[in-house]
>>> print(open('query.cif').read())   # mmCIF, C-alpha atoms and all ligand atoms
data_final
#
loop_
_atom_site.group_PDB
_atom_site.id
_atom_site.type_symbol
_atom_site.label_atom_id
_atom_site.label_comp_id
_atom_site.auth_asym_id
_atom_site.auth_seq_id
_atom_site.Cartn_x
_atom_site.Cartn_y
_atom_site.Cartn_z
ATOM 1 C CA MET K 93 106.793 83.527 114.861
ATOM 2 C CA PRO K 94 106.164 86.799 113.015
ATOM 3 C CA LEU K 95 102.885 88.570 113.796
ATOM 4 C CA VAL K 96 102.230 89.069 110.076
ATOM 5 C CA GLU K 97 103.450 86.787 107.296
ATOM 6 C CA VAL K 98 102.799 87.724 103.687
ATOM 7 C CA GLU K 99 103.785 84.975 101.275
ATOM 8 C CA HIS K 100 103.793 85.153 97.484
ATOM 9 C CA LEU K 101 100.846 87.519 97.600
ATOM 10 C CA SER K 102 99.354 88.549 94.247
ATOM 11 C CA LYS K 103 96.298 90.453 93.126
ATOM 12 C CA SER K 104 95.034 90.911 89.608
ATOM 13 C CA TYR K 105 92.045 92.803 88.286
ATOM 14 C CA SER K 106 90.384 92.115 84.985
ATOM 15 C CA ARG K 107 89.691 95.078 82.781
ATOM 16 C CA HIS K 108 87.279 94.796 79.894
ATOM 17 C CA SER K 109 88.185 96.636 76.752
ATOM 18 C CA GLY K 110 85.698 95.828 74.024
ATOM 19 C CA LEU K 111 85.370 92.069 73.872
ATOM 20 C CA ARG K 112 88.716 91.342 75.445
ATOM 21 C CA ALA K 113 89.342 90.943 79.159
ATOM 22 C CA GLU K 114 92.812 92.000 80.256
ATOM 23 C CA HIS K 115 94.270 90.965 83.550
ATOM 24 C CA ALA K 116 96.270 93.643 85.312
ATOM 25 C CA LEU K 117 98.602 92.259 87.944
ATOM 26 C CA VAL K 118 98.711 95.057 90.526
ATOM 27 C CA VAL K 119 100.441 93.064 93.297
ATOM 28 C CA ASP K 120 102.941 90.510 92.035
ATOM 29 C CA ASP K 121 104.432 87.798 94.264
ATOM 30 C CA VAL K 122 105.059 89.939 97.356
ATOM 31 C CA SER K 123 106.489 88.356 100.517
ATOM 32 C CA PHE K 124 107.468 89.922 103.845
ATOM 33 C CA ASP K 125 107.205 89.342 107.601
ATOM 34 C CA ILE K 126 106.449 91.797 110.379
ATOM 35 C CA HIS K 127 107.565 90.889 113.885
ATOM 36 C CA ARG K 128 105.820 92.068 117.049
ATOM 37 C CA GLY K 129 106.647 95.578 118.123
ATOM 38 C CA GLU K 130 108.286 96.402 114.805
ATOM 39 C CA THR K 131 107.288 98.753 112.012
ATOM 40 C CA LEU K 132 107.461 97.653 108.423
ATOM 41 C CA GLY K 133 107.601 100.672 106.155
ATOM 42 C CA LEU K 134 106.048 99.959 102.760
ATOM 43 C CA VAL K 135 107.145 102.611 100.307
ATOM 44 C CA GLY K 136 106.514 103.114 96.613
ATOM 45 C CA GLU K 137 105.219 105.654 94.146
ATOM 46 C CA SER K 138 101.507 106.222 93.617
ATOM 47 C CA GLY K 139 99.844 103.244 91.918
ATOM 48 C CA SER K 140 102.551 100.761 92.956
ATOM 49 C CA GLY K 141 100.032 98.594 94.843
ATOM 50 C CA LYS K 142 100.504 99.738 98.449
ATOM 51 C CA SER K 143 96.822 100.169 99.303
ATOM 52 C CA THR K 144 95.952 96.883 97.603
ATOM 53 C CA ILE K 145 98.427 95.108 99.898
ATOM 54 C CA ALA K 146 96.989 96.993 102.898
ATOM 55 C CA ARG K 147 93.458 95.871 102.028
ATOM 56 C CA MET K 148 94.544 92.240 101.677
ATOM 57 C CA VAL K 149 96.353 92.358 105.042
ATOM 58 C CA LEU K 150 93.181 93.804 106.582
ATOM 59 C CA GLY K 151 91.077 91.048 105.013
ATOM 60 C CA LEU K 152 88.976 93.627 103.159
ATOM 61 C CA ILE K 153 89.679 92.129 99.728
ATOM 62 C CA GLU K 154 90.652 88.631 98.649
ATOM 63 C CA SER K 155 94.024 87.843 97.151
ATOM 64 C CA THR K 156 94.310 86.223 93.721
ATOM 65 C CA SER K 157 97.039 83.941 95.050
ATOM 66 C CA GLY K 158 99.433 83.697 97.953
ATOM 67 C CA SER K 159 98.642 84.140 101.608
ATOM 68 C CA VAL K 160 98.405 86.578 104.494
ATOM 69 C CA THR K 161 98.797 85.087 107.967
ATOM 70 C CA PHE K 162 98.146 86.981 111.205
ATOM 71 C CA ASP K 163 99.487 85.400 114.402
ATOM 72 C CA GLY K 164 99.548 82.012 112.697
ATOM 73 C CA GLN K 165 96.036 82.243 111.224
ATOM 74 C CA ARG K 166 95.185 82.644 107.561
ATOM 75 C CA VAL K 167 93.489 85.953 106.795
ATOM 76 C CA ASN K 168 92.676 85.435 103.134
ATOM 77 C CA GLY K 169 89.942 82.929 102.533
ATOM 78 C CA ALA K 170 89.069 83.006 106.240
ATOM 79 C CA PRO K 171 85.418 82.561 107.283
ATOM 80 C CA GLN K 172 83.606 85.713 108.464
ATOM 81 C CA SER K 173 83.675 84.549 112.088
ATOM 82 C CA ARG K 174 87.469 84.391 112.070
ATOM 83 C CA LEU K 175 87.764 87.712 110.242
ATOM 84 C CA ARG K 176 85.544 89.285 112.858
ATOM 85 C CA ALA K 177 87.747 88.001 115.667
ATOM 86 C CA MET K 178 90.797 89.253 113.814
ATOM 87 C CA ARG K 179 89.298 92.708 113.263
ATOM 88 C CA ARG K 180 89.561 93.382 116.982
ATOM 89 C CA ARG K 181 93.286 92.897 116.768
ATOM 90 C CA VAL K 182 94.046 94.655 113.476
ATOM 91 C CA GLN K 183 92.899 98.202 112.850
ATOM 92 C CA PRO K 184 93.301 100.494 109.851
ATOM 93 C CA VAL K 185 94.071 104.204 109.722
ATOM 94 C CA PHE K 186 93.499 105.659 106.268
ATOM 95 C CA GLN K 187 94.704 108.726 104.431
ATOM 96 C CA ASP K 188 91.591 110.845 104.406
ATOM 97 C CA PRO K 189 90.733 111.596 108.038
ATOM 98 C CA PHE K 190 87.402 113.173 107.115
ATOM 99 C CA ALA K 191 86.054 110.367 104.918
ATOM 100 C CA ALA K 192 86.755 107.864 107.698
ATOM 101 C CA LEU K 193 84.571 109.685 110.251
ATOM 102 C CA ASN K 194 80.784 109.550 110.132
ATOM 103 C CA PRO K 195 79.794 113.251 109.971
ATOM 104 C CA ARG K 196 76.559 112.653 111.901
ATOM 105 C CA MET K 197 78.205 111.049 114.896
ATOM 106 C CA ARG K 198 79.708 112.850 117.870
ATOM 107 C CA VAL K 199 83.309 112.083 118.822
ATOM 108 C CA ALA K 200 82.130 110.086 121.859
ATOM 109 C CA GLU K 201 80.038 107.805 119.625
ATOM 110 C CA ILE K 202 82.759 107.503 116.991
ATOM 111 C CA ILE K 203 85.345 106.317 119.491
ATOM 112 C CA ALA K 204 82.945 104.108 121.445
ATOM 113 C CA GLU K 205 81.481 102.434 118.348
ATOM 114 C CA PRO K 206 84.039 99.613 118.015
ATOM 115 C CA LEU K 207 83.716 98.914 121.754
ATOM 116 C CA VAL K 208 79.941 98.694 121.412
ATOM 117 C CA ILE K 209 80.016 96.564 118.235
ATOM 118 C CA HIS K 210 82.388 94.063 119.804
ATOM 119 C CA GLY K 211 80.713 94.231 123.229
ATOM 120 C CA ALA K 212 84.138 95.051 124.617
ATOM 121 C CA SER K 213 83.160 97.504 127.323
ATOM 122 C CA PRO K 214 80.217 97.856 129.729
ATOM 123 C CA ARG K 215 78.041 100.930 128.975
ATOM 124 C CA LYS K 216 79.082 102.848 132.047
ATOM 125 C CA GLU K 217 82.744 102.437 131.228
ATOM 126 C CA LEU K 218 82.440 103.807 127.696
ATOM 127 C CA ARG K 219 82.850 107.452 128.616
ATOM 128 C CA PRO K 220 85.934 107.063 130.832
ATOM 129 C CA ARG K 221 87.447 104.763 128.207
ATOM 130 C CA CYS K 222 86.830 107.390 125.489
ATOM 131 C CA VAL K 223 88.447 110.082 127.644
ATOM 132 C CA GLU K 224 91.441 107.838 128.238
ATOM 133 C CA LEU K 225 91.797 107.232 124.481
ATOM 134 C CA LEU K 226 91.451 110.932 123.686
ATOM 135 C CA ARG K 227 94.197 111.755 126.194
ATOM 136 C CA ALA K 228 96.439 109.159 124.577
ATOM 137 C CA VAL K 229 96.189 111.014 121.246
ATOM 138 C CA GLY K 230 96.619 114.492 122.728
ATOM 139 C CA LEU K 231 92.951 115.562 122.958
ATOM 140 C CA ASP K 232 90.678 115.882 125.982
ATOM 141 C CA GLU K 233 87.088 115.331 127.044
ATOM 142 C CA SER K 234 85.982 118.760 125.829
ATOM 143 C CA VAL K 235 85.735 117.265 122.315
ATOM 144 C CA LEU K 236 83.398 114.369 123.217
ATOM 145 C CA ALA K 237 80.161 116.112 122.200
ATOM 146 C CA ARG K 238 81.514 117.690 119.023
ATOM 147 C CA TYR K 239 81.157 116.589 115.384
ATOM 148 C CA PRO K 240 83.965 115.777 112.901
ATOM 149 C CA HIS K 241 83.454 118.958 110.829
ATOM 150 C CA GLU K 242 84.443 121.052 113.845
ATOM 151 C CA PHE K 243 88.036 119.787 113.705
ATOM 152 C CA SER K 244 91.144 120.360 111.621
ATOM 153 C CA GLY K 245 92.624 117.530 109.532
ATOM 154 C CA GLY K 246 95.263 116.767 112.144
ATOM 155 C CA GLN K 247 92.712 116.637 114.956
ATOM 156 C CA ARG K 248 90.477 114.391 112.863
ATOM 157 C CA GLN K 249 93.350 112.010 112.283
ATOM 158 C CA ARG K 250 93.941 111.962 116.066
ATOM 159 C CA ILE K 251 90.281 110.992 116.503
ATOM 160 C CA ASN K 252 90.684 108.219 113.914
ATOM 161 C CA ILE K 253 93.728 106.948 115.775
ATOM 162 C CA ALA K 254 91.887 107.042 119.114
ATOM 163 C CA ARG K 255 89.111 104.958 117.552
ATOM 164 C CA ALA K 256 91.657 102.545 116.082
ATOM 165 C CA LEU K 257 93.198 102.063 119.549
ATOM 166 C CA ALA K 258 89.898 101.413 121.314
ATOM 167 C CA LEU K 259 89.682 97.625 121.328
ATOM 168 C CA PRO K 260 92.826 97.647 121.740
ATOM 169 C CA PRO K 261 94.602 96.330 118.639
ATOM 170 C CA GLU K 262 97.962 94.611 118.170
ATOM 171 C CA LEU K 263 98.561 95.719 114.575
ATOM 172 C CA LEU K 264 97.803 99.060 112.962
ATOM 173 C CA VAL K 265 97.723 99.226 109.179
ATOM 174 C CA LEU K 266 98.518 102.879 108.500
ATOM 175 C CA ASP K 267 97.859 103.661 104.826
ATOM 176 C CA GLU K 268 99.358 107.102 104.109
ATOM 177 C CA PRO K 269 98.016 108.439 107.425
ATOM 178 C CA VAL K 270 99.629 111.860 107.056
ATOM 179 C CA SER K 271 99.650 112.329 103.273
ATOM 180 C CA ALA K 272 96.575 114.565 103.327
ATOM 181 C CA LEU K 273 97.993 116.797 106.067
ATOM 182 C CA ASP K 274 100.364 119.774 106.097
ATOM 183 C CA VAL K 275 103.967 118.712 106.606
ATOM 184 C CA SER K 276 104.241 120.118 110.150
ATOM 185 C CA VAL K 277 100.910 118.601 111.211
ATOM 186 C CA GLY K 278 101.932 115.310 109.628
ATOM 187 C CA ALA K 279 105.195 115.376 111.593
ATOM 188 C CA GLN K 280 103.232 115.762 114.841
ATOM 189 C CA ILE K 281 101.038 112.785 113.952
ATOM 190 C CA VAL K 282 104.068 110.667 113.089
ATOM 191 C CA ASN K 283 105.622 111.603 116.453
ATOM 192 C CA LEU K 284 102.377 110.604 118.134
ATOM 193 C CA LEU K 285 102.389 107.254 116.301
ATOM 194 C CA ARG K 286 105.905 106.632 117.526
ATOM 195 C CA ASP K 287 104.943 107.358 121.144
ATOM 196 C CA LEU K 288 101.788 105.243 120.906
ATOM 197 C CA GLN K 289 103.730 102.310 119.518
ATOM 198 C CA ARG K 290 105.872 102.246 122.654
ATOM 199 C CA GLU K 291 103.024 102.915 125.055
ATOM 200 C CA PHE K 292 100.687 100.253 123.638
ATOM 201 C CA GLN K 293 103.307 97.799 122.266
ATOM 202 C CA LEU K 294 101.889 98.063 118.779
ATOM 203 C CA THR K 295 103.087 96.580 115.525
ATOM 204 C CA TYR K 296 102.793 98.805 112.454
ATOM 205 C CA LEU K 297 102.483 98.355 108.733
ATOM 206 C CA PHE K 298 103.242 101.953 107.807
ATOM 207 C CA ILE K 299 102.562 102.863 104.200
ATOM 208 C CA SER K 300 103.822 106.033 102.571
ATOM 209 C CA HIS K 301 105.316 107.407 99.388
ATOM 210 C CA SER K 302 107.613 109.557 101.567
ATOM 211 C CA MET K 303 111.009 108.054 102.369
ATOM 212 C CA PRO K 304 111.791 110.454 105.242
ATOM 213 C CA LEU K 305 108.569 109.481 107.031
ATOM 214 C CA VAL K 306 109.184 105.793 106.429
ATOM 215 C CA ARG K 307 112.750 106.206 107.646
ATOM 216 C CA TYR K 308 111.613 107.916 110.827
ATOM 217 C CA LEU K 309 109.245 105.129 111.903
ATOM 218 C CA SER K 310 110.439 101.897 110.339
ATOM 219 C CA THR K 311 112.408 98.937 111.591
ATOM 220 C CA ASN K 312 112.486 97.392 108.119
ATOM 221 C CA ILE K 313 111.591 98.883 104.758
ATOM 222 C CA ALA K 314 109.990 97.201 101.748
ATOM 223 C CA VAL K 315 110.208 99.063 98.445
ATOM 224 C CA LEU K 316 107.365 98.420 96.025
ATOM 225 C CA ARG K 317 107.466 99.141 92.320
ATOM 226 C CA ARG K 318 104.630 98.249 89.959
ATOM 227 C CA GLY K 319 103.360 95.610 92.347
ATOM 228 C CA ARG K 320 106.724 93.961 92.955
ATOM 229 C CA LEU K 321 109.057 94.214 95.950
ATOM 230 C CA VAL K 322 112.292 95.472 94.461
ATOM 231 C CA GLU K 323 114.181 95.921 97.713
ATOM 232 C CA PHE K 324 113.768 94.851 101.351
ATOM 233 C CA GLY K 325 116.045 95.438 104.302
ATOM 234 C CA THR K 326 116.657 97.174 107.583
ATOM 235 C CA ARG K 327 115.887 100.878 107.732
ATOM 236 C CA ASP K 328 119.568 101.797 107.691
ATOM 237 C CA ALA K 329 120.475 99.391 104.901
ATOM 238 C CA ILE K 330 117.746 100.755 102.633
ATOM 239 C CA CYS K 331 118.276 104.431 103.454
ATOM 240 C CA ASP K 332 122.084 104.514 103.684
ATOM 241 C CA ALA K 333 122.973 101.958 101.037
ATOM 242 C CA PRO K 334 120.078 101.569 98.588
ATOM 243 C CA GLN K 335 120.824 99.080 95.827
ATOM 244 C CA GLN K 336 118.144 99.983 93.314
ATOM 245 C CA ASP K 337 117.934 103.176 91.259
ATOM 246 C CA TYR K 338 114.222 103.270 92.012
ATOM 247 C CA THR K 339 114.928 103.349 95.765
ATOM 248 C CA LYS K 340 117.567 106.065 95.266
ATOM 249 C CA ALA K 341 115.058 108.105 93.303
ATOM 250 C CA LEU K 342 112.489 107.763 96.089
ATOM 251 C CA ILE K 343 115.061 108.950 98.614
ATOM 252 C CA GLN K 344 115.992 111.931 96.458
ATOM 253 C CA ALA K 345 112.387 112.822 95.674
ATOM 254 C CA THR K 346 111.627 114.066 99.179
ATOM 255 C CA PRO K 347 113.735 116.392 101.320
ATOM 256 C CA GLU K 348 115.026 115.461 104.757
ATOM 257 C CA LEU K 349 112.400 115.564 107.434
ATOM 258 C CA ARG K 350 112.930 117.770 110.442
ATOM 259 C CA MET K 351 111.336 116.120 113.431
ATOM 260 C CA ALA K 352 110.862 118.108 116.609
HETATM 261 P P1 LIG N 1 98.962 102.793 95.716
HETATM 262 O O1 LIG N 1 98.231 102.652 97.015
HETATM 263 O O2 LIG N 1 100.397 102.360 95.798
HETATM 264 O O3 LIG N 1 98.839 104.166 95.131
HETATM 265 P P2 LIG N 1 96.911 100.981 94.709
HETATM 266 O O4 LIG N 1 97.104 99.707 95.467
HETATM 267 O O5 LIG N 1 95.812 101.870 95.135
HETATM 268 O O6 LIG N 1 98.309 101.773 94.665
HETATM 269 O O7 LIG N 1 96.680 100.632 93.179
HETATM 270 C C1 LIG N 1 97.585 99.830 92.438
HETATM 271 C C2 LIG N 1 97.046 99.627 91.044
HETATM 272 O O8 LIG N 1 95.878 98.839 91.108
HETATM 273 C C3 LIG N 1 96.665 100.923 90.345
HETATM 274 O O9 LIG N 1 97.047 100.846 88.998
HETATM 275 C C4 LIG N 1 95.159 100.938 90.474
HETATM 276 O O10 LIG N 1 94.580 101.626 89.388
HETATM 277 C C5 LIG N 1 94.807 99.467 90.440
HETATM 278 N N1 LIG N 1 93.576 99.154 91.180
HETATM 279 C C6 LIG N 1 93.364 99.362 92.509
HETATM 280 N N2 LIG N 1 92.134 98.952 92.866
HETATM 281 C C7 LIG N 1 91.541 98.493 91.733
HETATM 282 C C8 LIG N 1 90.251 97.931 91.435
HETATM 283 N N3 LIG N 1 89.323 97.763 92.403
HETATM 284 N N4 LIG N 1 90.007 97.583 90.166
HETATM 285 C C9 LIG N 1 90.929 97.726 89.200
HETATM 286 N N5 LIG N 1 92.162 98.228 89.402
HETATM 287 C C10 LIG N 1 92.467 98.610 90.650
HETATM 288 MG MG MG N 2 97.266 104.073 98.195
#
>>> encode(input="query.cif", output="structure tokens")
Amino acid sequence: MPLVEVEHLSKSYSRHSGLRAEHALVVDDVSFDIHRGETLGLVGESGSGKSTIARMVLGLIESTSGSVTFDGQRVNGAPQSRLRAMRRRVQPVFQDPFAALNPRMRVAEIIAEPLVIHGASPRKELRPRCVELLRAVGLDESVLARYPHEFSGGQRQRINIARALALPPELLVLDEPVSALDVSVGAQIVNLLRDLQREFQLTYLFISHSMPLVRYLSTNIAVLRRGRLVEFGTRDAICDAPQQDYTKALIQATPELRMA
């Protein structure tokens, strides 16, 4: 059974112009599966509906129709109690590493917060657990007492990832996690994500408008255009033999990535 099953998922928003209400279909009949330990790369230009899909998979917004299933359980339309249980197992990492971190909290509190909320760790184990998580993302205990503004974008994203790993999760929904970072810093974070996936046996929904990044991490790739999946296949099939002009254009739009 796939860990994540998305079936005929759609989302529309109504826009009011004068007296008329128009319905904009921003996600249109999207289906895909993600198996355990794999990465699905979801790629498409800005405005194609990637973040809307991410938010429905996370259970943050309701779908208009269709379904999202996580480990056999419906996410959309689920009662709060089930969503809460699921939130331990599915964690987001968003694009803007600064917006995601509470500026008034120290790193130790930021990383420990999910453990405290879910009662997942005894008080005296919080600090060693935080240190362990920081090490996993390439930081150390010297940062525990510091505040988010003291860090660079790349370091902040490492802190976000450490927090996302705390409970620990099975699925990470990574919505353009390196798009706000310099290319070289982004490459380091993507390398880190690859190592963490192996170390913690994680499943990823990795969202990006950059084909080289998606190619580097993905098992399968889904290509989204104006809310519709126009192409889906293995990483090599999509990158080496794209069928759609749109996919070819996405591949040509970004230069080859040099990974260390
Ligand atoms: P992407 O992440 O691929 O850039 P989004 O999922 O953020 O795309 O947005 C897809 C489309 O849905 C865009 O046209 C956007 O303007 C629209 N959209 C997103 N959220 C809302 C909302 N809350 N209300 C109305 N339209 C929205
Ligand atoms: Mg987006």
>>> atom_distance(input="query.cif", atom1="CA of Pro260 (chain K)", atom2="CA of Gly211 (chain K)")
12.7 Å
>>> residues_around(input="query.cif", residues="Gly246 (chain K)", least_positions_apart="5", cutoff="9 Å", atoms="all atoms listed in the file", output="VMD selection string")
chain K and resid 189 251 270 273 to 274 277 to 278 280 to 281
>>> write_last_selection(input="query.cif", atoms="C-alpha atoms", output="PDB file, in the coordinates of the input")
ATOM      1  CA  PRO K 189      90.733 111.596 108.038  1.00  0.00           C
ATOM      2  CA  ILE K 251      90.281 110.992 116.503  1.00  0.00           C
ATOM      3  CA  VAL K 270      99.629 111.860 107.056  1.00  0.00           C
ATOM      4  CA  LEU K 273      97.993 116.797 106.067  1.00  0.00           C
ATOM      5  CA  ASP K 274     100.364 119.774 106.097  1.00  0.00           C
ATOM      6  CA  VAL K 277     100.910 118.601 111.211  1.00  0.00           C
ATOM      7  CA  GLY K 278     101.932 115.310 109.628  1.00  0.00           C
ATOM      8  CA  GLN K 280     103.232 115.762 114.841  1.00  0.00           C
ATOM      9  CA  ILE K 281     101.038 112.785 113.952  1.00  0.00           C
TER      10      ILE K 281
END
>>> residues_near_ligand(input="query.cif", ligand="ligand MG 2 (chain N)", cutoff="8 Å", atoms="only C-alpha atoms and all ligand atoms", output="list in words")
Ser138, Gly139, Gly141, Lys142, Ser143, Thr144, Asp267 and Glu268 of chain K
>>> atom_distance(input="query.cif", atom1="CA of Leu284 (chain K)", atom2="CA of Ile253 (chain K)")
9.7 Å
>>> residues_near_ligand(input="query.cif", ligand="ligand LIG 1 (chain N)", cutoff="10 Å", atoms="all atoms listed in the file", output="ChimeraX atom specification")
/K:103-107,115-119,134-147,153,267-268,299-301,316-319
>>> decode(input="query.cif", residues="region 117-152 of chain K", atoms="C-alpha atoms", output="mmCIF file, in the first residue's frame")
data_model
loop_
_atom_site.group_PDB
_atom_site.id
_atom_site.type_symbol
_atom_site.label_atom_id
_atom_site.label_comp_id
_atom_site.auth_asym_id
_atom_site.auth_seq_id
_atom_site.Cartn_x
_atom_site.Cartn_y
_atom_site.Cartn_z
ATOM 1 C CA LEU K 117 -10.126 25.581 -10.532
ATOM 2 C CA VAL K 118 -6.548 25.734 -9.237
ATOM 3 C CA VAL K 119 -6.059 21.967 -8.778
ATOM 4 C CA ASP K 120 -7.870 19.848 -11.346
ATOM 5 C CA ASP K 121 -8.309 16.077 -10.979
ATOM 6 C CA VAL K 122 -4.798 15.255 -9.737
ATOM 7 C CA SER K 123 -3.886 11.664 -8.833
ATOM 8 C CA PHE K 124 -0.582 10.164 -7.685
ATOM 9 C CA ASP K 125 0.855 7.710 -5.149
ATOM 10 C CA ILE K 126 3.976 7.976 -3.028
ATOM 11 C CA HIS K 127 5.491 4.762 -1.711
ATOM 12 C CA ARG K 128 7.486 4.512 1.515
ATOM 13 C CA GLY K 129 11.069 5.634 1.275
ATOM 14 C CA GLU K 130 10.519 7.276 -2.098
ATOM 15 C CA THR K 131 10.546 10.905 -3.173
ATOM 16 C CA LEU K 132 7.857 12.261 -5.422
ATOM 17 C CA GLY K 133 9.065 15.411 -7.122
ATOM 18 C CA LEU K 134 6.197 17.775 -7.915
ATOM 19 C CA VAL K 135 7.346 20.317 -10.458
ATOM 20 C CA GLY K 136 5.580 23.144 -12.245
ATOM 21 C CA GLU K 137 5.825 26.849 -12.900
ATOM 22 C CA SER K 138 4.735 29.414 -10.330
ATOM 23 C CA GLY K 139 0.955 29.421 -9.847
ATOM 24 C CA SER K 140 0.479 25.876 -11.182
ATOM 25 C CA GLY K 141 -1.069 24.698 -7.893
ATOM 26 C CA LYS K 142 1.881 23.030 -6.147
ATOM 27 C CA SER K 143 1.422 24.675 -2.748
ATOM 28 C CA THR K 144 -2.330 24.085 -2.871
ATOM 29 C CA ILE K 145 -1.671 20.354 -3.305
ATOM 30 C CA ALA K 146 0.893 20.482 -0.471
ATOM 31 C CA ARG K 147 -1.634 22.107 1.866
ATOM 32 C CA MET K 148 -4.284 19.502 1.043
ATOM 33 C CA VAL K 149 -1.810 16.654 1.657
ATOM 34 C CA LEU K 150 -0.943 18.263 5.001
ATOM 35 C CA GLY K 151 -4.631 18.556 5.897
ATOM 36 C CA LEU K 152 -4.305 22.335 6.249
#
